[in-house]
file entry_29.cif (mmCIF, C-alpha atoms and all ligand atoms)
data_final
#
loop_
_atom_site.group_PDB
_atom_site.id
_atom_site.type_symbol
_atom_site.label_atom_id
_atom_site.label_comp_id
_atom_site.auth_asym_id
_atom_site.auth_seq_id
_atom_site.Cartn_x
_atom_site.Cartn_y
_atom_site.Cartn_z
ATOM 1 C CA MET A 162 0.000 0.000 0.000
ATOM 2 C CA LYS A 163 1.610 3.242 -1.148
ATOM 3 C CA LYS A 164 0.537 6.412 0.601
ATOM 4 C CA VAL A 165 -0.842 9.161 -1.617
ATOM 5 C CA THR A 166 1.391 12.226 -1.475
ATOM 6 C CA VAL A 167 1.487 15.595 -3.117
ATOM 7 C CA SER A 168 4.061 14.151 -5.550
ATOM 8 C CA SER A 169 1.911 11.164 -6.472
ATOM 9 C CA LEU A 170 -1.045 13.499 -7.111
ATOM 10 C CA LEU A 171 1.185 15.588 -9.377
ATOM 11 C CA ALA A 172 2.338 12.406 -11.143
ATOM 12 C CA LYS A 173 -1.312 11.499 -11.775
ATOM 13 C CA LYS A 174 -1.866 14.818 -13.523
ATOM 14 C CA ALA A 175 1.242 14.261 -15.633
ATOM 15 C CA ALA A 176 0.053 10.750 -16.569
ATOM 16 C CA GLY A 177 -3.483 11.962 -17.358
ATOM 17 C CA GLU A 178 -4.942 9.776 -14.573
ATOM 18 C CA LYS A 179 -7.931 11.238 -12.739
ATOM 19 C CA ILE A 180 -7.699 11.990 -9.008
ATOM 20 C CA THR A 181 -10.642 10.867 -6.854
ATOM 21 C CA SER A 182 -11.633 12.703 -3.731
ATOM 22 C CA LEU A 183 -14.472 12.855 -1.183
ATOM 23 C CA THR A 184 -15.167 14.770 1.972
ATOM 24 C CA ALA A 185 -15.263 12.832 5.248
ATOM 25 C CA TYR A 186 -15.638 13.941 8.832
ATOM 26 C CA ASP A 187 -15.144 10.806 10.925
ATOM 27 C CA ALA A 188 -12.869 7.783 11.218
ATOM 28 C CA SER A 189 -15.397 5.176 10.014
ATOM 29 C CA PHE A 190 -16.215 6.829 6.705
ATOM 30 C CA ALA A 191 -12.595 7.865 6.201
ATOM 31 C CA LYS A 192 -11.568 4.200 6.634
ATOM 32 C CA LEU A 193 -14.220 3.004 4.190
ATOM 33 C CA PHE A 194 -13.230 5.601 1.565
ATOM 34 C CA ASP A 195 -9.542 4.870 2.139
ATOM 35 C CA GLU A 196 -10.068 1.123 1.713
ATOM 36 C CA GLN A 197 -12.040 1.617 -1.504
ATOM 37 C CA GLY A 198 -9.116 3.606 -2.933
ATOM 38 C CA VAL A 199 -10.173 7.266 -2.783
ATOM 39 C CA ASP A 200 -7.016 9.327 -3.378
ATOM 40 C CA ALA A 201 -7.768 12.332 -1.181
ATOM 41 C CA ILE A 202 -10.082 13.025 1.756
ATOM 42 C CA LEU A 203 -11.106 16.565 2.645
ATOM 43 C CA ILE A 204 -12.360 17.577 6.066
ATOM 44 C CA GLY A 205 -14.478 20.301 4.499
ATOM 45 C CA ASP A 206 -16.127 23.178 6.279
ATOM 46 C CA SER A 207 -19.222 21.786 4.512
ATOM 47 C CA LEU A 208 -19.501 20.020 7.875
ATOM 48 C CA GLY A 209 -21.269 23.159 9.061
ATOM 49 C CA MET A 210 -24.103 22.329 6.679
ATOM 50 C CA VAL A 211 -24.139 18.525 6.480
ATOM 51 C CA LEU A 212 -23.247 17.703 10.110
ATOM 52 C CA GLN A 213 -24.357 20.775 12.049
ATOM 53 C CA GLY A 214 -27.436 21.636 9.975
ATOM 54 C CA GLN A 215 -26.471 25.265 9.380
ATOM 55 C CA ASP A 216 -27.456 27.223 6.252
ATOM 56 C CA ASP A 217 -23.856 27.985 5.295
ATOM 57 C CA THR A 218 -20.262 27.290 6.383
ATOM 58 C CA LEU A 219 -19.601 30.564 8.195
ATOM 59 C CA ASN A 220 -19.990 29.344 11.772
ATOM 60 C CA VAL A 221 -17.477 26.520 11.504
ATOM 61 C CA THR A 222 -14.477 26.962 13.814
ATOM 62 C CA VAL A 223 -10.854 25.840 13.703
ATOM 63 C CA ASP A 224 -11.623 23.607 16.695
ATOM 64 C CA ASP A 225 -14.482 21.957 14.747
ATOM 65 C CA ILE A 226 -12.192 21.183 11.803
ATOM 66 C CA ALA A 227 -9.372 20.038 14.125
ATOM 67 C CA TYR A 228 -11.729 17.644 15.962
ATOM 68 C CA HIS A 229 -12.930 16.038 12.715
ATOM 69 C CA THR A 230 -9.402 16.018 11.239
ATOM 70 C CA ARG A 231 -8.139 13.971 14.208
ATOM 71 C CA ALA A 232 -10.960 11.463 13.610
ATOM 72 C CA VAL A 233 -10.376 11.259 9.839
ATOM 73 C CA ARG A 234 -6.635 10.871 10.327
ATOM 74 C CA ARG A 235 -7.202 7.893 12.647
ATOM 75 C CA GLY A 236 -9.273 6.176 9.942
ATOM 76 C CA THR A 237 -6.915 6.892 7.044
ATOM 77 C CA GLN A 238 -3.852 4.929 5.994
ATOM 78 C CA ARG A 239 -3.366 5.580 2.296
ATOM 79 C CA ALA A 240 -5.338 8.639 1.198
ATOM 80 C CA PHE A 241 -4.031 12.208 1.244
ATOM 81 C CA VAL A 242 -5.746 14.223 4.017
ATOM 82 C CA LEU A 243 -6.637 17.904 3.531
ATOM 83 C CA ALA A 244 -8.354 20.171 6.041
ATOM 84 C CA ASP A 245 -10.337 23.336 5.352
ATOM 85 C CA MET A 246 -9.300 26.587 6.985
ATOM 86 C CA PRO A 247 -12.659 27.988 8.150
ATOM 87 C CA PHE A 248 -14.118 31.451 7.579
ATOM 88 C CA MET A 249 -11.901 34.234 8.993
ATOM 89 C CA SER A 250 -9.244 31.786 10.215
ATOM 90 C CA TYR A 251 -6.774 33.171 7.614
ATOM 91 C CA ALA A 252 -7.890 36.817 7.576
ATOM 92 C CA SER A 253 -4.322 37.800 8.450
ATOM 93 C CA ALA A 254 -1.089 35.918 7.792
ATOM 94 C CA GLN A 255 -0.484 35.515 11.539
ATOM 95 C CA ASP A 256 -3.961 33.993 11.998
ATOM 96 C CA ALA A 257 -3.281 31.685 9.063
ATOM 97 C CA TYR A 258 0.050 30.447 10.507
ATOM 98 C CA LYS A 259 -1.424 29.772 13.941
ATOM 99 C CA ASN A 260 -4.589 28.066 12.665
ATOM 100 C CA ALA A 261 -2.815 26.047 9.963
ATOM 101 C CA ALA A 262 -0.420 24.784 12.656
ATOM 102 C CA THR A 263 -3.428 23.575 14.684
ATOM 103 C CA LEU A 264 -4.852 21.690 11.678
ATOM 104 C CA MET A 265 -1.496 20.176 10.672
ATOM 105 C CA ALA A 266 -0.980 19.023 14.284
ATOM 106 C CA ALA A 267 -4.472 17.467 14.157
ATOM 107 C CA GLY A 268 -3.367 15.309 11.212
ATOM 108 C CA ALA A 269 -3.852 17.285 7.998
ATOM 109 C CA SER A 270 -1.205 16.976 5.284
ATOM 110 C CA MET A 271 -2.407 20.174 3.565
ATOM 111 C CA VAL A 272 -4.767 23.051 4.347
ATOM 112 C CA LYS A 273 -7.280 24.596 1.955
ATOM 113 C CA VAL A 274 -8.080 28.304 1.688
ATOM 114 C CA GLU A 275 -10.778 30.028 -0.367
ATOM 115 C CA GLY A 276 -9.968 33.099 -2.430
ATOM 116 C CA GLY A 277 -7.921 34.726 -5.167
ATOM 117 C CA ALA A 278 -4.792 36.808 -5.580
ATOM 118 C CA TRP A 279 -5.310 38.714 -2.299
ATOM 119 C CA LEU A 280 -4.226 35.496 -0.535
ATOM 120 C CA CYS A 281 -0.835 35.188 -2.271
ATOM 121 C CA ASP A 282 1.301 36.635 0.552
ATOM 122 C CA THR A 283 -0.415 34.450 3.128
ATOM 123 C CA ILE A 284 0.016 31.381 0.911
ATOM 124 C CA SER A 285 3.706 31.983 0.283
ATOM 125 C CA GLY A 286 4.206 32.604 4.028
ATOM 126 C CA LEU A 287 2.533 29.276 4.834
ATOM 127 C CA VAL A 288 4.569 27.437 2.195
ATOM 128 C CA GLU A 289 7.819 29.012 3.482
ATOM 129 C CA ARG A 290 6.846 27.661 6.915
ATOM 130 C CA SER A 291 6.350 24.148 5.422
ATOM 131 C CA VAL A 292 2.559 24.121 5.323
ATOM 132 C CA PRO A 293 1.307 22.704 1.989
ATOM 133 C CA VAL A 294 -1.653 24.707 0.656
ATOM 134 C CA CYS A 295 -4.611 23.956 -1.601
ATOM 135 C CA GLY A 296 -6.453 26.890 -3.203
ATOM 136 C CA HIS A 297 -10.206 27.054 -3.806
ATOM 137 C CA LEU A 298 -11.669 29.234 -6.579
ATOM 138 C CA GLY A 299 -14.993 29.668 -8.374
ATOM 139 C CA LEU A 300 -17.935 29.311 -6.018
ATOM 140 C CA THR A 301 -16.220 29.886 -2.679
ATOM 141 C CA PRO A 302 -18.920 29.123 -0.076
ATOM 142 C CA GLN A 303 -17.321 31.306 2.615
ATOM 143 C CA SER A 304 -18.111 34.291 0.327
ATOM 144 C CA VAL A 305 -21.757 33.310 -0.124
ATOM 145 C CA HIS A 306 -23.018 36.713 1.051
ATOM 146 C CA VAL A 307 -20.677 38.613 -1.269
ATOM 147 C CA LEU A 308 -21.566 36.352 -4.203
ATOM 148 C CA GLY A 309 -25.310 36.696 -3.525
ATOM 149 C CA GLY A 310 -25.895 32.970 -3.096
ATOM 150 C CA PHE A 311 -24.451 29.592 -4.096
ATOM 151 C CA LYS A 312 -24.146 30.442 -7.808
ATOM 152 C CA VAL A 313 -22.070 29.347 -10.793
ATOM 153 C CA GLN A 314 -19.066 31.676 -11.188
ATOM 154 C CA GLY A 315 -17.039 32.914 -14.176
ATOM 155 C CA ARG A 316 -19.839 33.010 -16.717
ATOM 156 C CA ASP A 317 -18.890 36.334 -18.325
ATOM 157 C CA ALA A 318 -15.573 36.955 -20.062
ATOM 158 C CA GLN A 319 -14.258 39.423 -17.472
ATOM 159 C CA LYS A 320 -15.024 37.198 -14.472
ATOM 160 C CA ALA A 321 -13.624 34.173 -16.310
ATOM 161 C CA GLN A 322 -10.361 36.036 -16.993
ATOM 162 C CA GLN A 323 -10.227 37.071 -13.325
ATOM 163 C CA LEU A 324 -10.459 33.417 -12.263
ATOM 164 C CA ILE A 325 -7.716 32.418 -14.728
ATOM 165 C CA ASP A 326 -5.469 35.218 -13.383
ATOM 166 C CA ASP A 327 -6.249 34.218 -9.780
ATOM 167 C CA ALA A 328 -5.449 30.571 -10.474
ATOM 168 C CA ARG A 329 -2.081 31.487 -12.002
ATOM 169 C CA ALA A 330 -1.276 33.862 -9.134
ATOM 170 C CA LEU A 331 -2.105 31.221 -6.505
ATOM 171 C CA GLU A 332 0.071 28.678 -8.300
ATOM 172 C CA ALA A 333 2.945 31.164 -8.425
ATOM 173 C CA ALA A 334 2.463 31.806 -4.676
ATOM 174 C CA GLY A 335 2.957 28.103 -3.988
ATOM 175 C CA ILE A 336 -0.343 26.187 -3.865
ATOM 176 C CA GLN A 337 0.129 22.541 -4.806
ATOM 177 C CA LEU A 338 -3.525 21.718 -5.491
ATOM 178 C CA LEU A 339 -6.550 23.752 -6.585
ATOM 179 C CA VAL A 340 -10.247 23.050 -5.995
ATOM 180 C CA LEU A 341 -12.426 24.636 -8.670
ATOM 181 C CA GLU A 342 -16.112 24.794 -7.771
ATOM 182 C CA CYS A 343 -19.134 25.516 -9.986
ATOM 183 C CA VAL A 344 -17.644 27.110 -13.082
ATOM 184 C CA PRO A 345 -18.438 26.505 -16.768
ATOM 185 C CA THR A 346 -16.665 23.457 -18.196
ATOM 186 C CA SER A 347 -14.817 25.492 -20.853
ATOM 187 C CA LEU A 348 -13.312 27.750 -18.162
ATOM 188 C CA ALA A 349 -12.351 24.732 -16.034
ATOM 189 C CA LYS A 350 -10.575 23.288 -19.096
ATOM 190 C CA THR A 351 -8.568 26.472 -19.655
ATOM 191 C CA ILE A 352 -7.510 26.692 -16.001
ATOM 192 C CA THR A 353 -6.628 22.985 -15.832
ATOM 193 C CA GLU A 354 -4.501 23.270 -18.982
ATOM 194 C CA GLN A 355 -2.733 26.448 -17.822
ATOM 195 C CA LEU A 356 -1.708 25.110 -14.391
ATOM 196 C CA SER A 357 0.962 22.508 -13.788
ATOM 197 C CA ILE A 358 -0.549 21.542 -10.402
ATOM 198 C CA PRO A 359 -3.604 19.246 -10.194
ATOM 199 C CA VAL A 360 -7.030 20.901 -10.427
ATOM 200 C CA ILE A 361 -9.841 19.082 -8.618
ATOM 201 C CA GLY A 362 -13.312 19.997 -9.819
ATOM 202 C CA ILE A 363 -16.766 20.028 -8.264
ATOM 203 C CA GLY A 364 -19.399 21.263 -10.675
ATOM 204 C CA ALA A 365 -16.606 22.059 -13.151
ATOM 205 C CA GLY A 366 -17.170 19.322 -15.745
ATOM 206 C CA ASN A 367 -15.062 16.233 -16.442
ATOM 207 C CA VAL A 368 -12.130 18.228 -17.830
ATOM 208 C CA THR A 369 -10.283 18.803 -14.537
ATOM 209 C CA ASP A 370 -7.532 16.518 -13.201
ATOM 210 C CA GLY A 371 -9.876 15.012 -10.634
ATOM 211 C CA GLN A 372 -13.189 15.323 -8.836
ATOM 212 C CA ILE A 373 -14.422 15.885 -5.309
ATOM 213 C CA LEU A 374 -17.926 15.467 -3.887
ATOM 214 C CA VAL A 375 -19.448 16.069 -0.480
ATOM 215 C CA MET A 376 -20.048 12.554 0.895
ATOM 216 C CA HIS A 377 -23.591 13.355 2.072
ATOM 217 C CA ASP A 378 -24.531 14.389 -1.489
ATOM 218 C CA MET A 379 -23.099 11.312 -3.213
ATOM 219 C CA LEU A 380 -24.760 9.014 -0.664
ATOM 220 C CA GLY A 381 -28.101 10.830 -0.967
ATOM 221 C CA VAL A 382 -28.174 11.635 2.759
ATOM 222 C CA SER A 383 -29.247 15.256 2.320
ATOM 223 C CA ALA A 384 -33.004 14.655 2.135
ATOM 224 C CA ASN A 385 -34.865 16.310 -0.777
ATOM 225 C CA TYR A 386 -31.704 17.999 -1.974
ATOM 226 C CA MET A 387 -29.210 16.948 -4.629
ATOM 227 C CA PRO A 388 -26.998 19.610 -6.217
ATOM 228 C CA LYS A 389 -26.978 19.458 -10.035
ATOM 229 C CA PHE A 390 -23.250 18.623 -9.980
ATOM 230 C CA SER A 391 -23.609 15.597 -7.692
ATOM 231 C CA LYS A 392 -25.057 12.133 -8.115
ATOM 232 C CA ASN A 393 -26.641 9.656 -5.691
ATOM 233 C CA TYR A 394 -24.293 6.682 -5.993
ATOM 234 C CA LEU A 395 -25.959 4.823 -3.114
ATOM 235 C CA ALA A 396 -29.285 4.854 -4.971
ATOM 236 C CA GLU A 397 -27.489 3.647 -8.113
ATOM 237 C CA THR A 398 -25.662 0.738 -6.440
ATOM 238 C CA GLY A 399 -27.638 -0.074 -3.272
ATOM 239 C CA ASP A 400 -24.490 -0.567 -1.200
ATOM 240 C CA LEU A 401 -22.126 1.831 0.538
ATOM 241 C CA ARG A 402 -18.842 0.276 -0.617
ATOM 242 C CA ALA A 403 -20.174 -0.299 -4.138
ATOM 243 C CA ALA A 404 -21.282 3.349 -4.233
ATOM 244 C CA VAL A 405 -17.753 4.555 -3.496
ATOM 245 C CA SER A 406 -16.169 2.097 -5.991
ATOM 246 C CA CYS A 407 -18.650 3.139 -8.656
ATOM 247 C CA TYR A 408 -17.832 6.819 -8.046
ATOM 248 C CA ILE A 409 -14.097 6.058 -8.321
ATOM 249 C CA GLU A 410 -14.572 4.069 -11.545
ATOM 250 C CA GLN A 411 -16.773 6.714 -13.140
ATOM 251 C CA VAL A 412 -14.367 9.537 -12.273
ATOM 252 C CA GLN A 413 -11.385 7.541 -13.528
ATOM 253 C CA SER A 414 -13.123 6.709 -16.812
ATOM 254 C CA GLY A 415 -14.406 10.258 -17.288
ATOM 255 C CA GLU A 416 -18.045 9.083 -17.202
ATOM 256 C CA PHE A 417 -18.705 11.289 -14.146
ATOM 257 C CA PRO A 418 -19.473 14.124 -14.198
ATOM 258 C CA GLY A 419 -21.631 13.984 -17.313
ATOM 259 C CA GLN A 420 -23.015 17.019 -19.103
ATOM 260 C CA GLU A 421 -26.114 16.872 -16.909
ATOM 261 C CA HIS A 422 -23.880 17.497 -13.852
ATOM 262 C CA SER A 423 -21.933 20.358 -15.493
ATOM 263 C CA PHE A 424 -22.438 24.028 -16.367
ATOM 264 C CA GLU A 425 -22.021 25.957 -19.624
HETATM 265 O O1 LIG A 501 -16.181 22.233 2.364
HETATM 266 C C1 LIG A 501 -16.158 21.399 1.441
HETATM 267 O O2 LIG A 501 -16.664 20.278 1.548
HETATM 268 C C2 LIG A 501 -15.513 21.801 0.196
HETATM 269 C C3 LIG A 501 -15.763 20.937 -1.010
HETATM 270 C C4 LIG A 501 -17.113 21.195 -1.533
HETATM 271 C C5 LIG A 501 -14.730 21.135 -2.043
HETATM 272 O O3 LIG A 501 -14.840 22.790 0.153
#

call {"tool": "encode", "arguments": {"input": "entry_29.cif", "output": "structure tokens", "more": "lines below"}}
Ligand code: KIV
result
Amino acid sequence: MKKVTVSSLLAKKAAGEKITSLTAYDASFAKLFDEQGVDAILIGDSLGMVLQGQDDTLNVTVDDIAYHTRAVRRGTQRAFVLADMPFMSYASAQDAYKNAATLMAAGASMVKVEGGAWLCDTISGLVERSVPVCGHLGLTPQSVHVLGGFKVQGRDAQKAQQLIDDARALEAAGIQLLVLECVPTSLAKTITEQLSIPVIGIGAGNVTDGQILVMHDMLGVSANYMPKFSKNYLAETGDLRAAVSCYIEQVQSGEFPGQEHSFE
């Protein structure tokens, strides 16, 4: 069993092999996903919505993410473990250093931050201090009130160019992975082609280097709600382990996400 590392994720991009990723928040699901062969597990601040029942991610704390990161780490042997930096936990570089240290000590191998070029100094400061960083662009849920809702981003030429510029700036600042959420497929393709680091999409079409889904969405747990970009793999397979294997196979083959899960 070879552990997934930042280098093996990079090698996957170079080889044109898709990266598979899911969120998890506890040891049992992390173990199941790990055993099925998911490459990366994110302790997302989506936990505010899917675990805590809040309307958005803004109330999630560093202690919340640290608690769930410790649990996920205990359940994970092979997969790469990333933890979200919650809202306002990286508002200043000093906050970012202190809070990233807490999440790395809890078991994360990388931290994820939402936002564009304004974050470059903070990112390079983290990287200089040996904290690997993942960026997150497009629909950034921590900015839901600025964006006016959970909406597809980058639909007009100016906003699309802004996202391309942000992605390049974040890469130059030192991110080693980028999550791209809810953008048109053509824009996701351009960004994926222009970056040498892996781009993991969610609602960004099947053109990125890999995919991530919130586990509650892909298992159909969120009653009466299924985002357009997700798919209920438990309903399709009738079994938890089969659901995860099916997701992995469909991402690797490029079958998921289909056009019906993507945006133009
Ligand atoms: O918080 C989260 O789960 C995320 C994913 C949707 C990428 O950021």

call {"tool": "residues_near_ligand", "arguments": {"input": "entry_29.cif", "ligand": "ligand LIG 501 (chain A)", "cutoff": "9 Å", "atoms": "only C-alpha atoms and all ligand atoms", "output": "PyMOL selection string"}}
result
chain A and resi 183-185+203-209+218+244-245+247+273-275+297+301-302+340-342+361-363+373-376

call {"tool": "closest_residue", "arguments": {"input": "entry_29.cif", "among": "A:Gly366, A:Gly309, A:Gly296, A:Gly277", "to": "Asp326 in chain A", "atoms": "only C-alpha atoms"}}
result
A:Gly277

call {"tool": "residues_around", "arguments": {"input": "entry_29.cif", "residues": "Met246 in chain A", "least_positions_apart": "3", "cutoff": "8 Å", "atoms": "all atoms listed in the file", "output": "count of residues only"}}
result
10

call {"tool": "atom_distance", "arguments": {"input": "entry_29.cif", "atom1": "CA of Gln197 in chain A", "atom2": "CA of Ala396 in chain A"}}
result
17.9 Å

call {"tool": "closest_residue", "arguments": {"input": "entry_29.cif", "among": "A:Leu212, A:Leu193, A:Ala330, A:Ala257", "to": "Ser383 in chain A", "atoms": "only C-alpha atoms"}}
result
A:Leu212

call {"tool": "atom_distance", "arguments": {"input": "entry_29.cif", "atom1": "CA of Ser285 in chain A", "atom2": "CA of Ala334 in chain A"}}
result
5.1 Å

call {"tool": "resolve_selection", "arguments": {"input": "entry_29.cif", "expression": "the PyMOL selection byres (((chain A and resi 410-416) around 10) and not hetatm)", "output": "number ranges by chain"}}
result
A: 177-182, 366-373, 404-409, 417-420

call {"tool": "axis_aligned_box", "arguments": {"input": "entry_29.cif", "around": "range 280-299 of chain A", "padding_each_side": "8 Å", "output": "AutoDock Vina command-line options"}}
result
--center_x -3.6 --center_y 29.7 --center_z -0.7 --size_x 38.8 --size_y 29.9 --size_z 31.3

call {"tool": "closest_residue", "arguments": {"input": "entry_29.cif", "among": "A:Ala269, A:Met162, A:Gln255, A:Met249", "to": "Ala201 in chain A", "atoms": "all atoms listed in the file"}}
result
A:Ala269

call {"tool": "resolve_selection", "arguments": {"input": "entry_29.cif", "expression": "the PyMOL selection byres (((chain A and resi 343) around 6) and not hetatm)", "output": "list of chain:residue names"}}
result
A:Leu300, A:Val313, A:Glu342, A:Val344, A:Gly364, A:Ala365

call {"tool": "atom_distance", "arguments": {"input": "entry_29.cif", "atom1": "CA of Met379 in chain A", "atom2": "CA of Gly214 in chain A"}}
result
17.3 Å

call {"tool": "decode", "arguments": {"input": "entry_29.cif", "residues": "range 228-239 of chain A", "atoms": "N, CA and C atoms", "output": "tab-separated table (two decimals), in the first residue's frame"}}
result
chain	number	residue	atom	x	y	z
A	228	TYR	N	-11.10	18.83	15.35
A	228	TYR	CA	-11.73	17.64	15.96
A	228	TYR	C	-11.98	16.58	14.89
A	229	HIS	N	-12.58	17.01	13.77
A	229	HIS	CA	-12.93	16.04	12.71
A	229	HIS	C	-11.67	15.57	11.97
A	230	THR	N	-10.65	16.43	11.90
A	230	THR	CA	-9.40	16.02	11.24
A	230	THR	C	-8.72	14.91	12.05
A	231	ARG	N	-8.74	15.03	13.37
A	231	ARG	CA	-8.14	13.97	14.21
A	231	ARG	C	-8.85	12.64	13.94
A	232	ALA	N	-10.19	12.69	13.84
A	232	ALA	CA	-10.96	11.46	13.61
A	232	ALA	C	-10.64	10.88	12.23
A	233	VAL	N	-10.65	11.74	11.21
A	233	VAL	CA	-10.38	11.26	9.84
A	233	VAL	C	-8.96	10.68	9.76
A	234	ARG	N	-8.03	11.35	10.36
A	234	ARG	CA	-6.64	10.87	10.33
A	234	ARG	C	-6.53	9.46	10.91
A	235	ARG	N	-7.26	9.22	12.02
A	235	ARG	CA	-7.20	7.89	12.65
A	235	ARG	C	-7.74	6.81	11.71
A	236	GLY	N	-8.67	7.18	10.83
A	236	GLY	CA	-9.27	6.18	9.94
A	236	GLY	C	-8.55	6.02	8.62
A	237	THR	N	-7.53	6.85	8.39
A	237	THR	CA	-6.92	6.89	7.04
A	237	THR	C	-5.49	6.35	7.05
A	238	GLN	N	-5.23	5.45	6.10
A	238	GLN	CA	-3.85	4.93	5.99
A	238	GLN	C	-3.18	5.35	4.70
A	239	ARG	N	-3.97	5.37	3.61
A	239	ARG	CA	-3.37	5.58	2.30
A	239	ARG	C	-3.67	6.96	1.72
